[in-house]
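Engineer: One file is attached below, final.cif, containing mmCIF, C-alpha atoms.
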data_protein
loop_
_atom_site.label_atom_id
_atom_site.label_comp_id
_atom_site.auth_asym_id
_atom_site.auth_seq_id
_atom_site.Cartn_x
_atom_site.Cartn_y
_atom_site.Cartn_z
CA MET A 161 50.08 3.38 89.43
CA ASN A 162 48.50 5.46 92.18
CA PRO A 163 45.34 7.58 91.76
CA ALA A 164 47.33 10.81 91.37
CA GLU A 165 49.40 9.34 88.53
CA TYR A 166 46.27 8.02 86.84
CA ASP A 167 44.61 11.44 87.14
CA TYR A 168 47.70 13.11 85.70
CA LEU A 169 47.69 10.77 82.67
CA ARG A 170 43.94 11.28 82.14
CA GLN A 171 44.39 15.05 82.13
CA PHE A 172 47.47 14.80 79.94
CA LEU A 173 45.70 12.64 77.33
CA LYS A 174 42.55 14.77 77.40
CA SER A 175 44.47 17.98 76.74
CA ARG A 176 46.79 16.49 74.09
CA SER A 177 44.37 14.35 72.11
CA GLY A 178 40.86 14.79 73.46
CA LEU A 179 40.90 11.17 74.64
CA VAL A 180 38.67 10.70 77.66
CA LEU A 181 39.36 7.75 79.95
CA SER A 182 36.78 6.62 82.47
CA ASN A 183 37.65 5.59 86.03
CA GLU A 184 38.10 1.92 85.24
CA LYS A 185 40.66 2.20 82.43
CA GLN A 186 43.83 1.75 84.50
CA TYR A 187 44.37 -1.62 82.81
CA LEU A 188 44.40 0.07 79.40
CA ILE A 189 46.99 2.61 80.54
CA GLU A 190 49.19 -0.10 82.00
CA SER A 191 48.97 -2.43 79.01
CA ARG A 192 49.69 0.30 76.50
CA LEU A 193 52.09 2.55 78.38
CA LEU A 194 54.36 0.05 80.12
CA PRO A 195 55.98 -0.88 76.78
CA VAL A 196 56.44 2.85 76.07
CA ALA A 197 58.02 3.35 79.48
CA ARG A 198 60.40 0.41 79.04
CA LYS A 199 61.40 1.58 75.57
CA ALA A 200 62.35 4.90 77.17
CA GLY A 201 64.42 3.09 79.81
CA LEU A 202 61.85 3.64 82.57
CA GLN A 203 60.76 0.87 84.92
CA SER A 204 57.22 1.88 85.79
CA ILE A 205 54.22 4.05 84.95
CA ALA A 206 55.19 6.20 87.97
CA ALA A 207 58.59 6.87 86.40
CA LEU A 208 56.92 7.63 83.09
CA VAL A 209 54.63 10.19 84.73
CA ALA A 210 57.59 11.83 86.46
CA LYS A 211 59.44 12.05 83.14
CA LEU A 212 56.40 13.49 81.35
CA LYS A 213 56.30 16.30 83.89
CA GLU A 214 59.76 17.43 82.87
CA PRO A 215 59.82 20.39 80.50
CA ARG A 216 60.58 19.71 76.81
CA GLU A 217 59.70 15.98 76.98
CA THR A 218 58.00 16.14 73.58
CA ALA A 219 59.15 12.82 72.11
CA LEU A 220 57.95 10.84 75.10
CA ALA A 221 54.71 12.83 75.23
CA GLU A 222 54.09 12.00 71.59
CA ALA A 223 54.83 8.31 72.15
CA VAL A 224 52.34 8.22 75.03
CA VAL A 225 49.60 9.86 72.93
CA GLU A 226 50.30 7.50 70.03
CA ALA A 227 50.20 4.41 72.21
CA MET A 228 46.88 5.39 73.77
CA THR A 229 45.13 6.48 70.57
CA THR A 230 46.10 3.62 68.28
CA ASN A 231 43.10 1.50 67.49
CA GLU A 232 42.55 -1.58 65.44
CA SER A 233 41.17 -1.14 61.98
CA PHE A 234 40.24 -3.52 59.20
CA PHE A 235 39.24 -3.53 55.56
CA TYR A 236 35.54 -2.99 54.74
CA ARG A 237 34.85 -2.49 58.43
CA ASP A 238 31.07 -2.78 59.03
CA LYS A 239 30.59 -3.14 55.25
CA THR A 240 27.44 -0.93 55.09
CA PRO A 241 29.26 2.44 54.91
CA PHE A 242 31.09 1.23 51.81
CA GLU A 243 27.85 0.06 50.23
CA HIS A 244 26.44 3.53 50.93
CA PHE A 245 29.60 4.99 49.41
CA THR A 246 29.39 3.10 46.11
CA GLN A 247 25.62 2.84 45.76
CA MET A 248 24.60 6.28 46.91
CA MET A 249 27.24 8.84 47.88
CA MET A 250 29.38 8.46 44.78
CA PRO A 251 26.49 8.31 42.26
CA GLU A 252 24.99 11.44 43.88
CA MET A 253 28.36 13.19 43.84
CA LEU A 254 29.00 12.25 40.21
CA LYS A 255 25.77 14.05 39.34
CA ALA A 256 26.34 17.01 41.63
CA ARG A 257 29.98 17.57 40.61
CA ALA A 258 29.56 16.91 36.87
CA ALA A 259 30.89 20.40 36.08
CA GLN A 260 33.92 20.37 38.38
CA ARG A 261 34.70 16.64 38.00
CA LYS A 262 36.42 16.70 41.35
CA ILE A 263 35.51 15.01 44.64
CA ARG A 264 37.39 15.31 47.92
CA ILE A 265 37.20 12.64 50.63
CA TRP A 266 38.63 12.82 54.13
CA CYS A 267 39.22 9.85 56.44
CA ALA A 268 39.63 11.71 59.71
CA ALA A 269 40.90 8.79 61.81
CA ALA A 270 42.66 6.71 59.20
CA SER A 271 44.69 4.59 61.63
CA THR A 272 46.74 1.99 59.73
CA GLY A 273 45.05 2.83 56.43
CA GLN A 274 42.46 0.12 55.89
CA GLU A 275 39.56 2.58 55.56
CA PRO A 276 41.15 4.90 52.96
CA TYR A 277 42.44 1.90 51.00
CA THR A 278 38.97 0.33 51.12
CA LEU A 279 37.61 3.55 49.58
CA ALA A 280 40.39 3.41 46.98
CA MET A 281 39.35 -0.17 46.11
CA CYS A 282 35.69 0.89 45.88
CA LEU A 283 36.70 3.68 43.49
CA LYS A 284 38.90 1.36 41.46
CA GLU A 285 35.97 -1.04 41.08
CA MET A 286 33.91 1.81 39.55
CA GLU A 287 36.74 3.40 37.56
CA ALA A 288 34.89 3.13 34.24
CA ARG A 289 32.57 5.87 35.52
CA LEU A 290 35.43 8.01 36.82
CA ALA A 291 37.38 8.69 33.63
CA GLY A 292 38.45 12.34 33.64
CA TRP A 293 37.57 12.78 37.32
CA ARG A 294 39.95 13.81 40.07
CA ILE A 295 39.17 12.04 43.32
CA GLU A 296 41.26 12.97 46.33
CA ILE A 297 41.41 10.81 49.45
CA LEU A 298 43.12 12.32 52.48
CA GLY A 299 43.88 10.04 55.42
CA THR A 300 44.81 11.69 58.70
CA ASP A 301 45.65 10.31 62.11
CA ILE A 302 47.20 11.61 65.30
CA SER A 303 49.84 8.88 65.30
CA ASN A 304 52.97 8.95 63.15
CA GLU A 305 53.54 5.27 63.80
CA VAL A 306 50.23 4.15 62.32
CA LEU A 307 50.58 6.57 59.43
CA ASP A 308 53.95 5.06 58.56
CA ARG A 309 52.25 1.67 58.42
CA ALA A 310 49.42 3.12 56.35
CA ARG A 311 51.87 4.67 53.89
CA SER A 312 53.66 1.35 53.49
CA GLY A 313 50.38 -0.33 52.49
CA THR A 314 51.72 -3.59 53.91
CA TYR A 315 49.56 -5.80 56.10
CA THR A 316 49.87 -9.11 57.90
CA GLN A 317 48.04 -12.26 56.88
CA PHE A 318 45.65 -11.73 59.81
CA GLU A 319 44.89 -8.15 58.78
CA VAL A 320 44.06 -8.95 55.16
CA GLN A 321 41.67 -11.70 56.25
CA ARG A 322 39.45 -9.46 58.36
CA GLY A 323 36.82 -8.08 56.01
CA LEU A 324 38.71 -8.14 52.73
CA PRO A 325 37.07 -10.46 50.17
CA ILE A 326 39.54 -13.00 48.78
CA GLN A 327 38.93 -11.84 45.20
CA LEU A 328 40.03 -8.31 46.12
CA LEU A 329 43.08 -9.63 47.95
CA LEU A 330 44.14 -11.44 44.78
CA LYS A 331 43.34 -8.47 42.60
CA TYR A 332 44.93 -5.61 44.53
CA PHE A 333 47.69 -7.06 46.73
CA THR A 334 51.03 -8.71 46.17
CA GLN A 335 52.40 -11.26 48.58
CA ALA A 336 55.83 -11.42 50.19
CA GLY A 337 55.88 -14.31 52.66
CA GLU A 338 53.19 -13.60 55.23
CA SER A 339 52.93 -9.91 54.26
CA TRP A 340 50.61 -8.48 51.68
CA THR A 341 51.18 -5.07 50.06
CA ILE A 342 48.52 -3.05 48.33
CA ALA A 343 49.07 -2.20 44.66
CA PRO A 344 51.00 1.02 43.91
CA GLU A 345 48.10 2.48 41.89
CA LEU A 346 45.87 2.23 44.97
CA ARG A 347 48.56 3.51 47.31
CA SER A 348 48.99 6.58 45.13
CA MET A 349 45.28 7.39 45.43
CA VAL A 350 45.63 8.28 49.12
CA GLN A 351 47.52 11.17 50.71
CA TRP A 352 48.51 10.94 54.35
CA ARG A 353 48.97 13.60 56.97
CA LYS A 354 49.53 13.56 60.72
CA PHE A 355 46.72 15.53 62.27
CA ASN A 356 45.12 16.04 65.68
CA LEU A 357 41.34 16.51 65.51
CA LEU A 358 41.62 19.09 68.28
CA ASP A 359 43.59 21.36 65.90
CA SER A 360 42.13 23.76 63.34
CA PHE A 361 40.78 22.30 60.08
CA ALA A 362 41.33 25.62 58.29
CA ALA A 363 44.16 24.42 56.05
CA PHE A 364 42.18 21.50 54.62
CA GLY A 365 39.75 23.28 52.30
CA GLN A 366 36.37 21.68 51.73
CA PHE A 367 35.47 18.01 51.59
CA ASP A 368 32.54 16.36 49.87
CA ILE A 369 32.64 13.19 51.94
CA VAL A 370 34.02 12.78 55.46
CA PHE A 371 34.55 9.43 57.17
CA CYS A 372 35.01 10.02 60.91
CA ARG A 373 34.34 6.59 62.32
CA ASN A 374 34.99 5.12 65.74
CA VAL A 375 36.91 8.09 67.07
CA LEU A 376 34.26 10.39 68.55
CA ILE A 377 33.45 7.66 71.09
CA TYR A 378 36.74 8.45 72.83
CA PHE A 379 35.91 12.13 73.34
CA ASP A 380 33.75 13.84 75.93
CA GLN A 381 30.48 15.53 74.96
CA ALA A 382 31.92 19.04 74.55
CA THR A 383 34.78 17.81 72.35
CA LYS A 384 32.38 15.78 70.18
CA VAL A 385 30.16 18.84 69.69
CA ASP A 386 33.18 20.98 68.83
CA ILE A 387 34.61 18.48 66.32
CA LEU A 388 31.26 17.85 64.62
CA GLY A 389 30.69 21.60 64.33
CA ARG A 390 34.08 22.12 62.75
CA ILE A 391 33.60 19.15 60.40
CA SER A 392 30.31 20.67 59.23
CA ARG A 393 32.13 23.89 58.36
CA THR A 394 34.79 22.05 56.37
CA MET A 395 32.20 20.20 54.26
CA THR A 396 30.41 21.19 51.09
CA PRO A 397 26.72 21.89 51.81
CA ASP A 398 25.62 18.78 49.90
CA GLY A 399 28.31 16.55 51.39
CA TYR A 400 28.10 13.38 53.46
CA LEU A 401 29.41 12.54 56.91
CA VAL A 402 29.92 8.89 57.87
CA LEU A 403 30.17 7.99 61.56
CA GLY A 404 30.82 4.64 63.24
CA ALA A 405 28.02 2.18 63.92
CA ALA A 406 27.96 3.11 67.61
CA GLU A 407 28.10 6.87 67.01
CA THR A 408 25.46 9.49 66.24
CA VAL A 409 24.98 13.25 65.94
CA VAL A 410 21.54 13.03 67.50
CA GLY A 411 21.42 14.99 70.72
CA LEU A 412 24.86 16.46 70.06
CA THR A 413 24.56 18.94 67.24
CA ASP A 414 22.05 20.45 64.83
CA ALA A 415 24.72 20.78 62.15
CA PHE A 416 23.87 17.35 60.69
CA LYS A 417 20.76 15.29 60.18
CA PRO A 418 20.63 11.50 59.76
CA ALA A 419 20.15 10.41 56.16
CA PRO A 420 16.85 8.52 55.96
CA ASP A 421 17.23 4.73 55.99
CA ARG A 422 21.03 4.99 55.94
CA ARG A 423 22.41 4.11 59.34
CA GLY A 424 25.62 5.94 60.18
CA LEU A 425 25.22 8.43 57.33
CA TYR A 426 24.57 12.13 57.95
CA VAL A 427 24.04 15.19 55.79
CA PRO A 428 24.50 18.87 56.61
CA ALA A 429 21.33 20.12 58.25
CA ALA A 430 20.76 23.09 55.93
CA VAL A 431 20.54 20.79 52.91
CA ALA A 432 18.40 18.25 54.74
CA ALA A 433 15.87 21.02 55.53
CA ALA A 434 15.96 22.52 52.04
CA THR A 435 15.30 19.18 50.39
CA GLN A 436 12.49 18.08 52.69
CA ALA A 437 9.91 18.98 50.05
CA ALA A 438 11.74 16.91 47.42
CA PRO A 439 13.72 14.34 49.37
CA ARG A 440 17.30 13.94 48.23
CA PHE A 441 17.15 10.20 48.71
CA SER A 442 13.79 9.43 47.14
CA ALA A 443 15.22 8.06 43.90
CA LEU A 444 17.29 5.59 45.87
CA ALA A 445 14.75 4.63 48.47
CA GLY A 446 13.86 1.37 46.78
CA ALA A 447 16.82 0.45 44.67
CA GLY A 448 20.14 0.03 46.35
CA ARG A 449 18.81 0.07 49.86
CA VAL A 450 21.09 -1.98 52.10
CA MET B 72 19.83 -23.56 61.90
CA LYS B 73 22.43 -23.80 59.11
CA THR B 74 24.74 -26.77 58.84
CA CYS B 75 28.46 -26.60 58.22
CA LEU B 76 30.60 -29.58 57.25
CA VAL B 77 34.10 -29.23 58.67
CA VAL B 78 36.59 -31.22 56.57
CA ASP B 79 40.09 -31.56 58.05
CA ASP B 80 42.33 -34.51 58.87
CA SER B 81 43.38 -32.80 62.12
CA SER B 82 41.01 -33.51 64.99
CA VAL B 83 42.37 -30.43 66.78
CA ILE B 84 41.43 -28.14 63.86
CA ARG B 85 38.00 -29.78 63.62
CA LYS B 86 37.48 -29.19 67.33
CA VAL B 87 38.54 -25.53 67.15
CA ALA B 88 36.40 -24.91 64.07
CA ARG B 89 33.43 -26.68 65.67
CA ARG B 90 33.66 -24.44 68.74
CA ILE B 91 33.81 -21.26 66.65
CA LEU B 92 31.03 -22.28 64.27
CA GLU B 93 28.70 -23.58 66.99
CA ASP B 94 29.08 -20.16 68.65
CA LEU B 95 27.95 -18.71 65.33
CA SER B 96 24.84 -20.96 65.51
CA PHE B 97 25.83 -23.61 62.98
CA THR B 98 25.09 -27.31 63.33
CA ILE B 99 28.36 -29.11 62.66
CA LEU B 100 29.10 -32.23 60.64
CA GLU B 101 32.66 -33.52 60.39
CA ALA B 102 34.77 -35.42 57.88
CA GLU B 103 38.45 -36.42 57.98
CA ASP B 104 39.13 -36.35 54.24
CA GLY B 105 37.57 -35.49 50.89
CA GLN B 106 36.09 -38.96 50.34
CA GLN B 107 34.29 -38.94 53.69
CA ALA B 108 33.12 -35.40 52.99
CA LEU B 109 31.60 -36.46 49.66
CA GLU B 110 29.71 -39.26 51.40
CA ARG B 111 28.39 -36.80 54.02
CA CYS B 112 27.25 -34.46 51.22
CA GLN B 113 25.47 -37.27 49.41
CA GLU B 114 23.53 -37.98 52.63
CA THR B 115 22.77 -34.34 53.48
CA MET B 116 23.96 -31.34 51.53
CA PRO B 117 25.24 -28.78 54.08
CA ASP B 118 24.85 -25.00 53.79
CA ALA B 119 28.57 -24.42 54.26
CA ILE B 120 31.80 -26.39 54.01
CA LEU B 121 35.02 -25.41 55.78
CA LEU B 122 37.62 -27.27 53.77
CA ASP B 123 41.26 -28.18 54.32
CA TRP B 124 43.49 -28.66 51.25
CA ASN B 125 46.01 -31.37 52.14
CA MET B 126 44.32 -34.54 53.39
CA PRO B 127 44.86 -38.26 52.86
CA VAL B 128 42.61 -40.29 50.52
CA MET B 129 41.17 -37.26 48.72
CA ASP B 130 42.44 -33.67 49.00
CA GLY B 131 40.26 -30.58 49.26
CA LEU B 132 40.62 -29.48 45.65
CA GLU B 133 39.57 -32.86 44.28
CA PHE B 134 36.65 -32.95 46.72
CA LEU B 135 35.52 -29.50 45.55
CA ALA B 136 35.62 -30.54 41.89
CA GLN B 137 33.52 -33.64 42.62
CA LEU B 138 31.15 -31.76 44.94
CA ARG B 139 30.29 -29.19 42.28
CA ARG B 140 29.33 -32.07 39.92
CA LEU B 141 26.90 -33.60 42.46
CA GLU B 142 23.20 -32.84 42.26
CA GLY B 143 22.73 -29.82 44.54
CA GLY B 144 26.50 -29.62 44.90
CA GLU B 145 26.61 -26.06 43.63
CA THR B 146 24.67 -24.72 46.62
CA PRO B 147 27.03 -25.05 49.60
CA LYS B 148 29.32 -22.11 50.23
CA VAL B 149 32.83 -23.53 50.33
CA VAL B 150 35.47 -21.78 52.40
CA PHE B 151 38.95 -23.24 52.11
CA CYS B 152 40.90 -23.26 55.38
CA THR B 153 44.49 -24.29 54.75
CA THR B 154 48.18 -23.70 55.28
CA GLU B 155 48.56 -23.35 51.49
CA ASN B 156 48.88 -19.59 51.77
CA ASP B 157 50.28 -18.49 48.42
CA VAL B 158 48.59 -16.65 45.58
CA GLY B 159 48.83 -19.65 43.25
CA HIS B 160 46.89 -21.96 45.57
CA ILE B 161 44.30 -19.28 46.35
CA ALA B 162 43.71 -18.61 42.65
CA ARG B 163 43.36 -22.36 41.92
CA ALA B 164 40.81 -22.74 44.71
CA ILE B 165 38.71 -19.82 43.45
CA ARG B 166 38.84 -21.15 39.88
CA ALA B 167 37.68 -24.55 41.15
CA GLY B 168 34.61 -22.96 42.72
CA ALA B 169 35.60 -22.01 46.27
CA ASN B 170 33.68 -19.01 47.61
CA GLU B 171 36.23 -17.81 50.16
CA TYR B 172 39.66 -18.72 51.49
CA ILE B 173 41.11 -18.72 54.99
CA MET B 174 44.86 -18.91 55.44
CA LYS B 175 45.85 -20.77 58.61
CA PRO B 176 46.41 -19.88 61.37
CA PHE B 177 42.94 -18.43 61.83
CA ASP B 178 40.85 -17.08 64.66
CA ARG B 179 37.16 -16.56 65.34
CA GLU B 180 37.14 -13.07 63.81
CA ILE B 181 38.51 -14.33 60.51
CA VAL B 182 36.02 -17.21 60.30
CA GLU B 183 33.18 -14.83 61.14
CA ALA B 184 34.34 -12.26 58.57
CA LYS B 185 34.67 -14.87 55.82
CA PHE B 186 31.30 -16.47 56.57
CA GLN B 187 29.72 -13.01 56.54
CA GLU B 188 31.41 -12.28 53.25
CA VAL B 189 29.72 -15.21 51.53
CA GLY B 190 26.33 -14.46 53.09
CA LEU B 191 26.26 -17.27 55.65
CA LEU B 192 25.84 -14.87 58.59
#
What would you get if you wrote out this structure as structure tokens?
Structural biologist:
Amino acid sequence: MNPAEYDYLRQFLKSRSGLVLSNEKQYLIESRLLPVARKAGLQSIAALVAKLKEPRETALAEAVVEAMTTNESFFYRDKTPFEHFTQMMMPEMLKARAAQRKIRIWCAAASTGQEPYTLAMCLKEMEARLAGWRIEILGTDISNEVLDRARSGTYTQFEVQRGLPIQLLLKYFTQAGESWTIAPELRSMVQWRKFNLLDSFAAFGQFDIVFCRNVLIYFDQATKVDILGRISRTMTPDGYLVLGAAETVVGLTDAFKPAPDRRGLYVPAAVAAATQAAPRFSALAGAGRV
Amino acid sequence: MKTCLVVDDSSVIRKVARRILEDLSFTILEAEDGQQALERCQETMPDAILLDWNMPVMDGLEFLAQLRRLEGGETPKVVFCTTENDVGHIARAIRAGANEYIMKPFDREIVEAKFQEVGLL
């Protein structure tokens, strides 16, 4: 792959998905796109680039975006966000939404489904408190291929052993050889939709809790600011935003403020300011801190 | 530094597990079967036990039952690590007092995740 081809692919991926590749990521392009090229009957990245430049090459363009944006996921990834979810976000939401009895959750980069299904398991474990409630979980991803896997709810032996406690594997999965499939009642708790974070969120309505983990790191500064701004406008004013362990809003946007003592958790700035006199988290500051 | 007793009749598995667990800052003890493992535990009770199922002399399940009856034998976190990968075996191991279960083949990430799960890391 020559520098011009690499530049073309960088521009192509940036405009299609927001993905920003630094100068030293040629290896990533080659390892992920050579299989795509060969599947399309092309012998090299150069041939792939030439084909992408042809008008109406939408299927190949989509395959390239999917191959470059697919990232590994696992159950209970980083653990802490799910402790925040069950020990703080959900109890707070159950109080705040007592009249409506409805909570909407969005996993904005759902990948192969482990994060939304982890939330479904968390909810199932607290179902005694959720009788009569409607909890929606929407999982979106830019890749059709990973969403198909997510919809199937079927995982390899390796995948179910990364982060998923053995008790929950026994409780919520059925085994077929070396594959494990999540229970239908958990699968039905999640809705899936192909979605590019660069597109408008207008059709989604409002969410109470948004998980947008380990995806902003792939975007440049301006795209991060834009996405965070649009997420803030699609959230209820007392909602929660969860970012990845290596991500933050600090220095990027004033739309969110970090939740005190809760790494990776953010709240809309207007609410954070309004509750400064009577901190929203005071009741939980001692108990349930993780 | 925490100690982990690696119990497996395969020297290759013991070597692989030792490398992974030493990287995770454990001091490693080894045993080739359940009987040897019990003797090790009677000398020094480890913090963790990575335990194969099928072994000569005494298998992992029998070892676990006897371990839990020893004085102090309830304290080690026991993580099975076996090719017995079906629901029935997993459920039996949990009922017998195992804390976690690794289905072979395994890699470093799985061992790390399981040891984190039971509070060893």
Engineer: Write out as a VMD selection string each polymer residue whose atoms come within 9 Å of segment 87-95 of chain B, counting all atoms listed in the file; drop sequence neighbours fewer than 5 positions from it.
Structural biologist: chain B and resid 75 77 82 100 to 101 121 178 to 179 182 to 183 192
Engineer: Report the residues retrieved by the PyMOL selection byres ((chain A) within 9 of (chain B)) from the displayed file, expressed as a tab-separated table (two decimals) with C-alpha atoms, keeping the file's coordinate frame.
Structural biologist:
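Once written, selection_3.tsv looks like this:
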chain	number	residue	atom	x	y	z
A	317	GLN	CA	48.04	-12.26	56.88
A	318	PHE	CA	45.65	-11.73	59.81
A	321	GLN	CA	41.67	-11.70	56.25
A	322	ARG	CA	39.45	-9.46	58.36
A	323	GLY	CA	36.82	-8.08	56.01
A	324	LEU	CA	38.71	-8.14	52.73
A	325	PRO	CA	37.07	-10.46	50.17
A	326	ILE	CA	39.54	-13.00	48.78
A	327	GLN	CA	38.93	-11.84	45.20
A	330	LEU	CA	44.14	-11.44	44.78
A	334	THR	CA	51.03	-8.71	46.17
A	335	GLN	CA	52.40	-11.26	48.58
A	337	GLY	CA	55.88	-14.31	52.66
A	338	GLU	CA	53.19	-13.60	55.23
Engineer: Would you compute the distance between atom CA of Val224 of chain A and atom CA of Leu212 of chain A? Give it in Å to one decimal.
Structural biologist: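 Separation between atom CA of Val224 of chain A and atom CA of Leu212 of chain A: 9.2 Å.
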Engineer: Which neighbours of segment 274-288 of chain A fall inside 7 Å, counting only C-alpha atoms, when residues of the same chain fewer than 3 positions from it are skipped, and could you give them as an NGL selection string?
Structural biologist: :A and (233-236 or 246 or 267 or 270 or 291 or 297 or 299 or 346 or 349-350)
Engineer: What separation in Å, quoted to one decimal, exists between atom CA of Ile302 of chain A and atom CA of Glu232 of chain A?
Structural biologist: 14.0 Å
Engineer: Apply the PyMOL selection byres ((chain A and resi 394-402) around 6) to the file shown and report the selected residues as a PyMOL selection string.
Structural biologist: chain A and resi 366-371+391-393+403+424-427
Engineer: Looking at B:Ile84, B:Ala136, B:Val149, B:Leu76, which one is nearest to Ala108 of chain B, with distances taken over only C-alpha atoms?
Structural biologist: B:Leu76
Engineer: Atom CA of Phe379 of chain A and atom CA of Tyr166 of chain A, how far apart in Å?
Structural biologist: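 Computing the Euclidean distance for atom CA of Tyr166 of chain A and atom CA of Phe379 of chain A yields 17.5 Å.
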Engineer: The PyMOL selection byres ((chain A and resi 293) around 12) on the file shown: which residues, as a count of residues only?
Structural biologist: 22
Engineer: Just want the 7 Å neighbourhood of segment 404-414 of chain A, counted on only C-alpha atoms, with same-chain residues fewer than 6 positions away dropped. Output as a PyMOL selection string.
Structural biologist: chain A and resi 373-374+377+385+424+429
Engineer: Just the residues within 10 Å of Ala207 of chain A, please, counting only C-alpha atoms, with nothing from its chain fewer than 5 positions along; format it as an NGL selection string.
Structural biologist: :A and (161 or 165 or 197-198 or 201-202 or 212)
Engineer: Using all atoms listed in the file, which of the listed residues (A:Ala269, A:Ala419, A:Cys372, A:Tyr168) sits closest to Lys213 of chain A?
Structural biologist: A:Tyr168
Engineer: Work out where the centre of an axis-aligned box around every listed atom of segment 245-255 of chain A lies and how long its edges are once 5 Å is added on each side; give both in Å to one decimal as AutoDock Vina command-line options.
Structural biologist:
--center_x 27.1 --center_y 8.4 --center_z 44.4 --size_x 15.0 --size_y 21.2 --size_z 20.1
Engineer: Would you mind listing what lies within 12 Å of Glu110 of chain B as a PyMOL selection string, with only C-alpha atoms counted and same-chain residues fewer than 3 positions away left out?
Structural biologist: chain B and resi 76+78+100-107+113-117+129+134+137-138+141
